[in-house]
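Have a look at the structure below before the remarks.
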Amino acid sequence: MVQAINDALAHEMRRDDRVVVLGEDVGRVGGVFRVTQGLWEEFGDERVVDTPLSEGGIVGAAIGMALYGLVPIPEIQFADFIYPAFDQIVSELAKLRWRSGGEYPAKVVIRAPVGGGIRGGLYHSQSPEALFIHVAGLKVVCPSSPYDAKGLLLASIRDPDPVLFFEPKRIYRAAKGEVPDGEYTLPLGVAAVVRPGRHVTVIAWGAMLYEAIAAADQASQSGVECEVIDLRTLWPVDIETIVASVKKTGRVIVVHEAPKTCGFGAELVALVNEKAFFCLEAPPARVCGFDTPFPYALEMEYLPLARRILPAIIETAGI
Amino acid sequence: MVQAINDALAHEMRRDDRVVVLGEDVGRVGGVFRVTQGLWEEFGDERVVDTPLSEGGIVGAAIGMALYGLVPIPEIQFADFIYPAFDQIVSELAKLRWRSGGEYPAKVVIRAPVGGGIRGGLYHSQSPEALFIHVAGLKVVCPSSPYDAKGLLLASIRDPDPVLFFEPKRIYRAAKGEVPDGEYTLPLGVAAVVRPGRHVTVIAWGAMLYEAIAAADQASQSGVECEVIDLRTLWPVDIETIVASVKKTGRVIVVHEAPKTCGFGAELVALVNEKAFFCLEAPPARVCGFDTPFPYALEMEYLPLARRILPAIIETAGI
Amino acid sequence: MLISRVPMPSAAWPGPPQVGALREDGTVDPARAEGIPDELAVALYEQMVLSRETDAHLVALQRQGRITHHASAAGEEAAIVGAAAGVRDEDWMFLASREFAAALWRGMPLGALVHHALGTARGPGRGRDTYAPPFWKPARVVSASPLSATQIPHAAGVAWSARARREDVAALVFFGEGATSSADFHAGLNFAGVTRAPLIAVCRNNGWATSLPSDRQTASDGFAVKAVAYGVRAVRVDGGDVIAVLAVVREARARAAAGEGCTLIEAVVPPRPDSGDVSSSPADPIARMRRHLEGRGLWSDDRDARLRDEVHADVRRAIAEADAEPSSPTPDFTDDVYASLPWHLREQRQAMAPRDPAAGG
Amino acid sequence: MLISRVPMPSAAWPGPPQVGALREDGTVDPARAEGIPDELAVALYEQMVLSRETDAHLVALQRQGRITHHASAAGEEAAIVGAAAGVRDEDWMFLASREFAAALWRGMPLGALVHHALGTARGPGRGRDTYAPPFWKPARVVSASPLSATQIPHAAGVAWSARARREDVAALVFFGEGATSSADFHAGLNFAGVTRAPLIAVCRNNGWATSLPSDRQTASDGFAVKAVAYGVRAVRVDGGDVIAVLAVVREARARAAAGEGCTLIEAVVPPRPDSGDVSSSPADPIARMRRHLEGRGLWSDDRDARLRDEVHADVRRAIAEADAEPSSPTPDFTDDVYASLPWHLREQRQAMAPRDPAAGG
Ligand SMILES: Cc1ncc(C[n+]2csc(CCOP(=O)(O)OP(=O)(O)O)c2C)c(N)n1
Ligand SMILES: Cc1ncc(C[n+]2csc(CCOP(=O)(O)OP(=O)(O)O)c2C)c(N)n1
Ligand SMILES: [Mg+2]
Ligand SMILES: [Mg+2]
């Protein structure tokens, strides 16, 4: 996935000289996870900018660049470090188009690695997507495969709205797959049914998609066929795909790494209630991170791995 | 309510000389809404501290004060201005007890006016409670009456955990009611059934409680008797009171000012699903702010007023 | 103490001396400035008067409860108009709460400001917010949110972009001295410093952040000196002296063009007289400029009366027009959240359609 | 340009001169410092050696993948140990990522550090996080989150509290030069400045923030000079000179006691030799202090070998002990989120109970 994202950035920077990458250590060393490796060599200091240590400054300056007409793609080293930029994202970036009556949109794509599974501990493992989904004016994307990562990133860069592009670091190198060299985009707002099934709908994204699939595979040994949906775009979410699936299965489970309470799973459950309540045959379930900070030593207890998803599937299936 | 909060602060500052109030303009002028009026005169410069313009500094310094053994009560002038302090709240305040294995809890009560209804416009009307409920380690309180405000604030100050105390500014002066002079606390985590009913449960808090009650009163003319619950403490929420009510009514509506998507309403709907799914007779409904920034000229369109709650009650009641 | 006599440098770093141009008697210090052409001198004065008059009306509307908030620029006109006049047409301007006159200087019609303040659908912000002055895109004027200082990194980003693109364009950003305590001042100035961005940062030091006096905002000697922390140029100027402000901003603009990067300018606004009424003070920036114009033979009581009548009429007309506008525009606030309406906002919009006459509901 | 010759103050504000004490030949500059008693001199040296040795082992554990991250203090021992030794026992200490030796100086056992690094249940953080050094409450040592600079306002808050309470207690806070760009450095120093809080802020300028050289972190002349923006005292000290660091921190502490408030100290860490191996450089702070001890007749090759053997054995023993600890403690991570377990965490804890052997599941 690292390579696919790097591809997408390089491709877009070649195609459009307004595209600029900025952040801490994105230049010569190519970022903590080497996602921007080689870009500095190819595009130089003024399009691949190593910044001072200030996430607020990075996003704030990116907004200015966007106003000027550039297409800035700031990197936040870990999503856990996005909070110093929270005000600029929430109060400024998300609201500029609206406040200015459409005159001053600020097109920025913020990239940040999310999630656990690399023994990063408390401050290198968080998944803050729900905080941004709650804020009107932002789009939120989270790919689960190299192919999707490239296609979704190209789409995110070309989309007129600000996008938070969360990269699941657990599968930065683990997730493999063919990635075409050339240009392609995957539309934002369109989920993928990655495993068809008729008993239980399992909604996941990012690194947890693989856990959902693994649990679904195991459940099928008990005769429960899960339909697994990879959201890809978290917001605006592909409600049609979700509702169509739940209408078929009558049962739904949402899986995410973030703490359960007020996580995006809550919204998905509430939406399913609103759109498909009378089709529901069992209580929608959530298999999520705990309502605690992210523990270093016990991250495999914390994450909603297949071994925690499977019992939820069995229980939801009601067998 | 302004007077009740002022009372609580003065009472606690007299009782316990570790209690310190700090923030922008909290001193001589007594705060934007005059909530801290008179405290500076009584307690002086070192316990009622006018700070420089930096919310991050205010909360960060309050954390240090708490570590030292004081009980700081920072004021953020408007909840809309809490985002520059977001990192200190989310990454530091919420996690200190946990990270330090219980050794360094930081007891801070952050007070901030929330909500619309005073023609404050986009940046003086927001209700960010869901963002903090998602973060483990924080408690979130929002009173709806002067009596509750005093009792809940005293309880919040004495509670060992950090509390976000959101004050609904629309009813700062509108909400009236007897407030005893002396000392009393209302336990955190306990909701109030402010209107009993058997057809539909309506959950609300803060300024919207009155809209919920008004809608309930109107609905009763159509024969629908709503049970209205005032949450008072948003997190940890009083799940028992909610579940007991929904088990009785089978129908539930959540009302809040914040944008609907990923708002606290979503969590409440999801919780009701988990705890009382088989009692539900109609889809749980949410009557919320729109998924837009808060509009100045159209705030009465934006707010979930009784006129928007009533149709939801009627629809949910299924009559 | 075991070890001593390690020399400890002093904490007292004085800020730069204050630059002025206009003297008490209305003449311009020739050592300081060579003067400005007649038309410009008159235009600066007229613009300051327009600002003062507009202020008076908007403050009155606020007192009447017709608008929630208006941040008056009374007494600060020289800092605002002088700075706006010191940059070039192609430059960007980022406003804080009080700088509507800078936008007027750049050609924003008075009507746009008044529509905005009253929250009508025809204001540039379409009634969505009214706090700061409106956006005015035709002249690259960007408004700030009320969150103090957030506009500073935006301005730094614009300035940095211009430099990276090798375009001779600068960004002028305004803020109050209180805003210097914020995270975004720090980030914005530091980014401008390291990128040598053509940023002209004008800090209006009016002595107060709401109730906090400026010497409790920070322990530094004034605010210009904070430039030291960012390796950018520091200037302190008499903010009641429109010619001096114009001069230092022009100089900063020229340095920006020469690739010398950012300048932080502290415009020290004269303290309000005890009466509170700025116009009654001889330090009033408008009175000072008028003495100058009179000294140059460019102004008379008669002309002044005419100007004030005109301006008064203009402001009243603008308000009357905006007043005629329905105060509640069509419920379009679901627009412009995104470039196009996503499904959830379409649903939410439909749900309120019955209240929308345009939808025929 | 119509107006010119408005004098524009220069952008070049030099930082304070760098203070040193130890000379090349190991003697102490008498003009700079009067010297320190033998025991303290030896203790400083021993502590630096312990730090270096501990580092080597933790770096090795990281290379083996046994711990995720260790921020080495190699080459920075003088800045860290000197500062820790410069304050008093009753003072608070706020650490950033590299300052475990400051906690060891204050009496934290080596075992606590190693348990913490390995994430065992017996570490002060109970395996919850391992990035920064652990908290050590018995000595008022507070650890920072990895978010750079967040600890600075905490330290300012502690210092302010002490002053408000009229208690002669100071706060010492460490951070890297990269952290000075952050919001919290700005807020923390400014709050300390306006409240004249007894804060001693030690900025280790090791030349780099990961890959960013310090001259691209900011355009100011070094980092001490940033004190100017906050009206606090600025000191630049040779960060490879443990005696000089101790001296300037003591001086800052004395000034804090005298009510003179905060000092920002930039400890300039000597650049790493090209080989990357600090010990091979004559500028190595440990080598420099050893020359000093030898010159005073306090040290010999023999004693050095003994010390290194001891320290080596200590570190290995601590690691062996921590290794014996089960690496996954009981799932107690639902504790301490709140002072007591709320209903939702009780439910969540119960849901995982079957995996908890203590629960007998
Ligand atoms: C982040 C933030 N916190 C608090 C406020 C509330 N507030 C409005 S104006 C003001 C004082 C601003 O002072 P200054 O920057 O000197 O500007 P002035 O009003 O004097 O022009 C404050 C604190 C705000 N606008 N933004
Ligand atoms: C808010 C935040 N952003 C990014 C990082 C990632 N990061 C870790 S160390 C580091 C460089 C720190 O440099 P400096 O402050 O000079 O400390 P040093 O490592 O040199 O001691 C960065 C950017 C972080 N820890 N915190
Ligand atoms: Mg001011
Ligand atoms: Mg460094």
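Lettering and numbering for the structure tokens are positional, with chains as A, B, ... in the shown order, residues counted from 1 in each chain, and ligands counted from 1 in the shown order.
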Can you list, as a PDB file with C-alpha atoms, in the first residue's frame, all residues belonging to stretch 46-288 of chain D that DSSP tags as helix (DSSP H, G or I)?
```pdb
ATOM      1  CA  GLU D  46      28.762   8.183  36.949  1.00  0.00           C
ATOM      2  CA  GLN D  47      25.248   9.144  36.064  1.00  0.00           C
ATOM      3  CA  MET D  48      26.247  10.067  32.537  1.00  0.00           C
ATOM      4  CA  VAL D  49      27.992   6.720  32.136  1.00  0.00           C
ATOM      5  CA  LEU D  50      24.907   4.917  33.425  1.00  0.00           C
ATOM      6  CA  SER D  51      22.784   6.802  30.950  1.00  0.00           C
ATOM      7  CA  ARG D  52      25.056   5.915  28.053  1.00  0.00           C
ATOM      8  CA  GLU D  53      25.142   2.260  28.999  1.00  0.00           C
ATOM      9  CA  THR D  54      21.402   2.042  29.491  1.00  0.00           C
ATOM     10  CA  ASP D  55      20.911   3.644  26.140  1.00  0.00           C
ATOM     11  CA  ALA D  56      23.132   1.119  24.439  1.00  0.00           C
ATOM     12  CA  HIS D  57      21.107  -1.729  25.852  1.00  0.00           C
ATOM     13  CA  LEU D  58      17.735  -0.205  25.051  1.00  0.00           C
ATOM     14  CA  VAL D  59      18.839   0.576  21.521  1.00  0.00           C
ATOM     15  CA  ALA D  60      19.909  -3.037  21.178  1.00  0.00           C
ATOM     16  CA  LEU D  61      16.508  -4.211  22.436  1.00  0.00           C
ATOM     17  CA  GLN D  62      14.888  -1.988  19.876  1.00  0.00           C
ATOM     18  CA  ARG D  63      17.056  -3.411  17.092  1.00  0.00           C
ATOM     19  CA  GLU D  77      23.861  13.270  28.827  1.00  0.00           C
ATOM     20  CA  ALA D  78      25.491  16.473  30.011  1.00  0.00           C
ATOM     21  CA  ALA D  79      22.431  18.547  29.169  1.00  0.00           C
ATOM     22  CA  ILE D  80      20.125  16.068  30.865  1.00  0.00           C
ATOM     23  CA  VAL D  81      22.084  15.126  33.951  1.00  0.00           C
ATOM     24  CA  GLY D  82      23.461  18.621  34.457  1.00  0.00           C
ATOM     25  CA  ALA D  83      19.979  20.114  34.419  1.00  0.00           C
ATOM     26  CA  ALA D  84      18.538  17.455  36.713  1.00  0.00           C
ATOM     27  CA  ALA D  85      21.352  18.120  39.166  1.00  0.00           C
ATOM     28  CA  GLY D  86      20.809  21.858  38.974  1.00  0.00           C
ATOM     29  CA  PHE D 100      15.271   9.016  31.515  1.00  0.00           C
ATOM     30  CA  ALA D 101      18.644   9.808  33.116  1.00  0.00           C
ATOM     31  CA  ALA D 102      17.101  12.821  34.816  1.00  0.00           C
ATOM     32  CA  ALA D 103      14.599  10.487  36.469  1.00  0.00           C
ATOM     33  CA  LEU D 104      17.372   8.080  37.450  1.00  0.00           C
ATOM     34  CA  TRP D 105      19.231  11.017  39.004  1.00  0.00           C
ATOM     35  CA  LEU D 110      16.745   1.417  36.757  1.00  0.00           C
ATOM     36  CA  GLY D 111      14.342  -1.500  36.975  1.00  0.00           C
ATOM     37  CA  ALA D 112      11.363   0.798  36.717  1.00  0.00           C
ATOM     38  CA  LEU D 113      12.724   2.209  33.487  1.00  0.00           C
ATOM     39  CA  VAL D 114      13.376  -1.192  31.987  1.00  0.00           C
ATOM     40  CA  HIS D 115      10.008  -2.621  33.007  1.00  0.00           C
ATOM     41  CA  HIS D 116       8.439   0.406  31.425  1.00  0.00           C
ATOM     42  CA  ALA D 117      10.407   0.062  28.204  1.00  0.00           C
ATOM     43  CA  LEU D 118       9.490  -3.592  27.898  1.00  0.00           C
ATOM     44  CA  LYS D 137       5.768  10.158  41.364  1.00  0.00           C
ATOM     45  CA  PRO D 138       7.949   9.721  44.474  1.00  0.00           C
ATOM     46  CA  ALA D 139      10.270  12.332  43.019  1.00  0.00           C
ATOM     47  CA  GLN D 151       4.398  19.035  28.823  1.00  0.00           C
ATOM     48  CA  ILE D 152       5.541  22.646  28.716  1.00  0.00           C
ATOM     49  CA  PRO D 153       2.225  24.241  29.752  1.00  0.00           C
ATOM     50  CA  HIS D 154       1.884  21.554  32.421  1.00  0.00           C
ATOM     51  CA  ALA D 155       5.222  22.602  33.840  1.00  0.00           C
ATOM     52  CA  ALA D 156       4.203  26.242  33.591  1.00  0.00           C
ATOM     53  CA  GLY D 157       1.014  25.386  35.493  1.00  0.00           C
ATOM     54  CA  VAL D 158       2.972  23.672  38.256  1.00  0.00           C
ATOM     55  CA  ALA D 159       5.393  26.579  38.477  1.00  0.00           C
ATOM     56  CA  TRP D 160       2.569  29.076  38.517  1.00  0.00           C
ATOM     57  CA  SER D 161       0.832  27.119  41.283  1.00  0.00           C
ATOM     58  CA  ALA D 162       3.962  27.101  43.413  1.00  0.00           C
ATOM     59  CA  ARG D 163       4.317  30.837  43.012  1.00  0.00           C
ATOM     60  CA  ALA D 164       0.657  31.478  43.767  1.00  0.00           C
ATOM     61  CA  GLU D 177      14.549  22.299  19.704  1.00  0.00           C
ATOM     62  CA  GLY D 178      11.928  20.932  17.314  1.00  0.00           C
ATOM     63  CA  ALA D 179       9.306  21.293  20.006  1.00  0.00           C
ATOM     64  CA  THR D 180       9.782  25.059  20.051  1.00  0.00           C
ATOM     65  CA  SER D 181       7.730  25.291  16.855  1.00  0.00           C
ATOM     66  CA  ALA D 183       1.676  25.592  19.984  1.00  0.00           C
ATOM     67  CA  ASP D 184       2.403  24.391  23.485  1.00  0.00           C
ATOM     68  CA  PHE D 185       5.907  25.804  23.682  1.00  0.00           C
ATOM     69  CA  HIS D 186       4.455  29.173  22.772  1.00  0.00           C
ATOM     70  CA  ALA D 187       1.616  28.970  25.279  1.00  0.00           C
ATOM     71  CA  GLY D 188       3.730  27.506  28.051  1.00  0.00           C
ATOM     72  CA  LEU D 189       6.514  30.059  27.847  1.00  0.00           C
ATOM     73  CA  ASN D 190       4.079  32.932  27.491  1.00  0.00           C
ATOM     74  CA  PHE D 191       2.059  31.842  30.519  1.00  0.00           C
ATOM     75  CA  ALA D 192       5.263  31.455  32.509  1.00  0.00           C
ATOM     76  CA  GLY D 193       6.370  34.894  31.359  1.00  0.00           C
ATOM     77  CA  VAL D 194       3.228  36.760  32.372  1.00  0.00           C
ATOM     78  CA  THR D 195       2.887  34.937  35.678  1.00  0.00           C
ATOM     79  CA  SER D 214      17.533  23.135  13.324  1.00  0.00           C
ATOM     80  CA  ASP D 215      18.111  26.013  10.931  1.00  0.00           C
ATOM     81  CA  ARG D 216      15.021  24.932   9.027  1.00  0.00           C
ATOM     82  CA  GLN D 217      12.994  24.608  12.192  1.00  0.00           C
ATOM     83  CA  ALA D 224      17.393  30.737  23.471  1.00  0.00           C
ATOM     84  CA  VAL D 225      16.598  33.998  21.748  1.00  0.00           C
ATOM     85  CA  LYS D 226      12.949  32.976  21.565  1.00  0.00           C
ATOM     86  CA  ALA D 227      12.815  33.941  25.233  1.00  0.00           C
ATOM     87  CA  VAL D 228      12.626  37.534  24.032  1.00  0.00           C
ATOM     88  CA  ALA D 229       9.108  36.912  22.807  1.00  0.00           C
ATOM     89  CA  TYR D 230       8.015  36.025  26.315  1.00  0.00           C
ATOM     90  CA  VAL D 242      27.817  19.156  32.366  1.00  0.00           C
ATOM     91  CA  ILE D 243      29.300  21.715  34.748  1.00  0.00           C
ATOM     92  CA  ALA D 244      28.149  24.659  32.685  1.00  0.00           C
ATOM     93  CA  VAL D 245      24.664  23.196  32.365  1.00  0.00           C
ATOM     94  CA  LEU D 246      24.489  22.585  36.090  1.00  0.00           C
ATOM     95  CA  ALA D 247      25.665  26.118  36.694  1.00  0.00           C
ATOM     96  CA  VAL D 248      23.142  27.866  34.481  1.00  0.00           C
ATOM     97  CA  VAL D 249      20.281  25.754  35.784  1.00  0.00           C
ATOM     98  CA  ARG D 250      21.270  26.531  39.365  1.00  0.00           C
ATOM     99  CA  GLU D 251      21.464  30.171  38.520  1.00  0.00           C
ATOM    100  CA  ALA D 252      18.019  29.987  36.921  1.00  0.00           C
ATOM    101  CA  ARG D 253      16.756  28.179  39.994  1.00  0.00           C
ATOM    102  CA  ALA D 254      18.144  30.871  42.253  1.00  0.00           C
ATOM    103  CA  ARG D 255      16.500  33.534  40.160  1.00  0.00           C
ATOM    104  CA  ALA D 256      13.229  31.635  40.303  1.00  0.00           C
ATOM    105  CA  ALA D 257      13.536  31.562  44.088  1.00  0.00           C
ATOM    106  CA  VAL D 278      29.651   9.774  20.164  1.00  0.00           C
ATOM    107  CA  SER D 279      32.136   8.050  22.466  1.00  0.00           C
ATOM    108  CA  SER D 280      34.843   8.303  19.834  1.00  0.00           C
ATOM    109  CA  PRO D 285      30.414  15.050  27.141  1.00  0.00           C
ATOM    110  CA  ILE D 286      31.444  11.952  29.062  1.00  0.00           C
ATOM    111  CA  ALA D 287      35.033  12.127  27.822  1.00  0.00           C
ATOM    112  CA  ARG D 288      35.166  15.805  28.673  1.00  0.00           C
TER     113      ARG D 288
END
```
With chain B as the partner and 8 Å as the cut-off, tabulate the residues of chain A that qualify, each row holding the nearest pair of atoms and their distance in Å to one decimal, using only C-alpha atoms, sorted by chain and rising number, as a Markdown table.
```
| residue | atom | partner | partner_atom | distance |
| --- | --- | --- | --- | --- |
| A:Tyr83 | CA | B:Asp87 | CA | 4.7 |
| A:Pro84 | CA | B:Asp87 | CA | 5.4 |
| A:Phe86 | CA | B:Tyr83 | CA | 6.3 |
| A:Asp87 | CA | B:Tyr83 | CA | 4.8 |
| A:Val90 | CA | B:Tyr83 | CA | 7.9 |
| A:Ser91 | CA | B:Tyr83 | CA | 7.9 |
| A:Lys95 | CA | B:Pro293 | CA | 7.0 |
| A:Trp98 | CA | B:Pro293 | CA | 7.8 |
| A:Ala130 | CA | B:Cys262 | CA | 6.5 |
| A:Leu131 | CA | B:Leu131 | CA | 5.7 |
| A:Ile133 | CA | B:Cys262 | CA | 6.5 |
| A:His134 | CA | B:Cys262 | CA | 4.8 |
| A:Val135 | CA | B:Asp291 | CA | 7.6 |
| A:Ala136 | CA | B:Thr292 | CA | 5.1 |
| A:Gly137 | CA | B:Thr292 | CA | 7.2 |
| A:Pro259 | CA | B:His134 | CA | 6.9 |
| A:Lys260 | CA | B:His134 | CA | 7.8 |
| A:Thr261 | CA | B:His134 | CA | 5.5 |
| A:Cys262 | CA | B:His134 | CA | 4.8 |
| A:Gly263 | CA | B:His134 | CA | 6.4 |
| A:Phe264 | CA | B:Cys262 | CA | 6.3 |
| A:Ala266 | CA | B:Glu267 | CA | 4.9 |
| A:Glu267 | CA | B:Ala266 | CA | 4.9 |
| A:Val269 | CA | B:Ala270 | CA | 5.7 |
| A:Ala270 | CA | B:Ala266 | CA | 5.4 |
| A:Asn273 | CA | B:Pro283 | CA | 5.7 |
| A:Glu274 | CA | B:Pro283 | CA | 6.0 |
| A:Phe277 | CA | B:Pro283 | CA | 5.6 |
| A:Phe278 | CA | B:Pro283 | CA | 7.8 |
| A:Ala282 | CA | B:Phe277 | CA | 7.6 |
| A:Pro283 | CA | B:Phe277 | CA | 5.6 |
| A:Pro284 | CA | B:Asn273 | CA | 6.7 |
| A:Ala285 | CA | B:Glu274 | CA | 7.0 |
| A:Asp291 | CA | B:Ala136 | CA | 5.3 |
| A:Thr292 | CA | B:Ala136 | CA | 5.1 |
| A:Pro293 | CA | B:Ala136 | CA | 6.4 |
```
Item checked: Neighbourhood of ligand 4 at 9 Å, counting only C-alpha atoms and all ligand atoms, reported as a PyMOL selection string -> chain D and resi 175-179+203-210+212-214
With N, CA, C and O atoms retained, could you export that selection as a CSV table (one decimal), in the first residue's frame?
```csv
chain,number,residue,atom,x,y,z
D,175,PHE,N,12.8,19.7,26.6
D,175,PHE,CA,12.2,19.5,25.3
D,175,PHE,C,13.3,19.7,24.2
D,175,PHE,O,14.3,20.2,24.5
D,176,GLY,N,13.0,19.2,23.0
D,176,GLY,CA,14.0,19.3,21.9
D,176,GLY,C,13.7,20.6,21.2
D,176,GLY,O,12.7,21.3,21.4
D,177,GLU,N,14.7,21.0,20.4
D,177,GLU,CA,14.5,22.3,19.7
D,177,GLU,C,13.4,22.2,18.7
D,177,GLU,O,12.8,23.3,18.4
D,178,GLY,N,13.1,21.0,18.2
D,178,GLY,CA,11.9,20.9,17.3
D,178,GLY,C,10.6,21.3,18.0
D,178,GLY,O,9.7,21.9,17.4
D,179,ALA,N,10.5,21.0,19.3
D,179,ALA,CA,9.3,21.3,20.0
D,179,ALA,C,9.0,22.8,20.1
D,179,ALA,O,7.9,23.2,20.4
D,203,CYS,N,15.8,23.6,26.6
D,203,CYS,CA,15.7,23.1,25.2
D,203,CYS,C,17.0,22.5,24.8
D,203,CYS,O,18.0,23.1,24.7
D,204,ARG,N,17.0,21.2,24.6
D,204,ARG,CA,18.1,20.5,24.1
D,204,ARG,C,18.2,20.7,22.6
D,204,ARG,O,17.4,20.1,21.8
D,205,ASN,N,19.1,21.5,22.1
D,205,ASN,CA,19.2,21.7,20.7
D,205,ASN,C,20.3,20.8,20.2
D,205,ASN,O,21.5,21.1,20.2
D,206,ASN,N,19.8,19.6,19.7
D,206,ASN,CA,20.8,18.6,19.2
D,206,ASN,C,20.9,18.8,17.7
D,206,ASN,O,21.4,17.9,17.0
D,207,GLY,N,20.4,19.9,17.1
D,207,GLY,CA,20.6,20.1,15.7
D,207,GLY,C,19.6,19.5,14.8
D,207,GLY,O,19.5,19.9,13.6
D,208,TRP,N,18.8,18.6,15.3
D,208,TRP,CA,17.9,17.9,14.4
D,208,TRP,C,16.5,17.6,15.1
D,208,TRP,O,16.5,17.3,16.2
D,209,ALA,N,15.5,17.7,14.3
D,209,ALA,CA,14.2,17.2,14.7
D,209,ALA,C,13.9,16.1,13.6
D,209,ALA,O,13.6,16.4,12.5
D,210,THR,N,14.2,14.9,14.0
D,210,THR,CA,14.3,13.7,13.1
D,210,THR,C,15.1,14.2,11.9
D,210,THR,O,16.3,14.3,12.1
D,212,LEU,N,14.9,17.1,10.2
D,212,LEU,CA,14.9,18.5,9.9
D,212,LEU,C,16.0,19.2,10.7
D,212,LEU,O,16.0,19.2,11.9
D,213,PRO,N,17.0,19.8,9.9
D,213,PRO,CA,18.0,20.5,10.7
D,213,PRO,C,17.5,21.7,11.4
D,213,PRO,O,16.5,22.3,11.0
D,214,SER,N,18.1,22.1,12.5
D,214,SER,CA,17.5,23.1,13.3
D,214,SER,C,17.4,24.5,12.6
D,214,SER,O,16.6,25.3,12.9
```
Note to self: Tell me as a list in words which residues belonging to chain D come within 6 Å of chain A, counting only C-alpha atoms.
What the structure shows: Gly119, Gly127, Arg128, Asp129, Gly178, Ser181, Ser182, Ser211, Gln217 and Ser328 of chain D
Output N, CA and C atoms for every residue in the selection just made, as a compact mmCIF listing (two decimals), in the first residue's frame.
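Heads up, here's the output in again-v2.txt:
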```txt
# COMPACT_ATOMS: atom_id res chain seq x y z
N GLY D 119 7.32 -2.80 28.60
CA GLY D 119 5.86 -2.85 28.66
C GLY D 119 5.33 -3.90 29.61
N GLY D 127 2.51 -1.28 31.36
CA GLY D 127 2.45 -1.81 30.00
C GLY D 127 1.53 -1.06 29.09
N ARG D 128 1.08 0.11 29.54
CA ARG D 128 0.10 0.82 28.71
C ARG D 128 0.77 1.65 27.63
N ASP D 129 1.91 2.23 27.97
CA ASP D 129 2.66 2.94 26.94
C ASP D 129 4.12 2.88 27.32
N GLY D 178 13.07 21.04 18.23
CA GLY D 178 11.93 20.93 17.31
C GLY D 178 10.62 21.33 17.99
N SER D 181 8.65 24.82 17.90
CA SER D 181 7.73 25.29 16.86
C SER D 181 6.28 25.04 17.21
N SER D 182 6.05 24.28 18.25
CA SER D 182 4.68 23.85 18.55
C SER D 182 3.89 24.90 19.31
N SER D 211 14.52 14.46 10.74
CA SER D 211 15.36 14.78 9.58
C SER D 211 15.49 16.28 9.33
N GLN D 217 14.08 24.63 11.21
CA GLN D 217 12.99 24.61 12.19
C GLN D 217 12.51 26.03 12.44
N SER D 328 2.78 -9.89 28.68
CA SER D 328 1.40 -9.41 28.61
C SER D 328 0.77 -9.45 30.00
```
Next item on the list: Go through stretch 156-199 of chain A and collect every residue that DSSP, computed from the backbone, puts in strand (DSSP E); the answer should be as a PyMOL selection string.
Entry: chain A and resi 163-168+192-195
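Non-sequential neighbours of D:Arg303 (distance at most 12 Å, separation of 2 or more positions within a chain, only C-alpha atoms) are Val42, Tyr45, Glu46, Arg290, Leu293, Glu294, Gly297, Leu298, Trp299, Ser300, Asp301, Ala305, Arg306, Leu307, Arg308, Asp309 and Glu310 of chain D.
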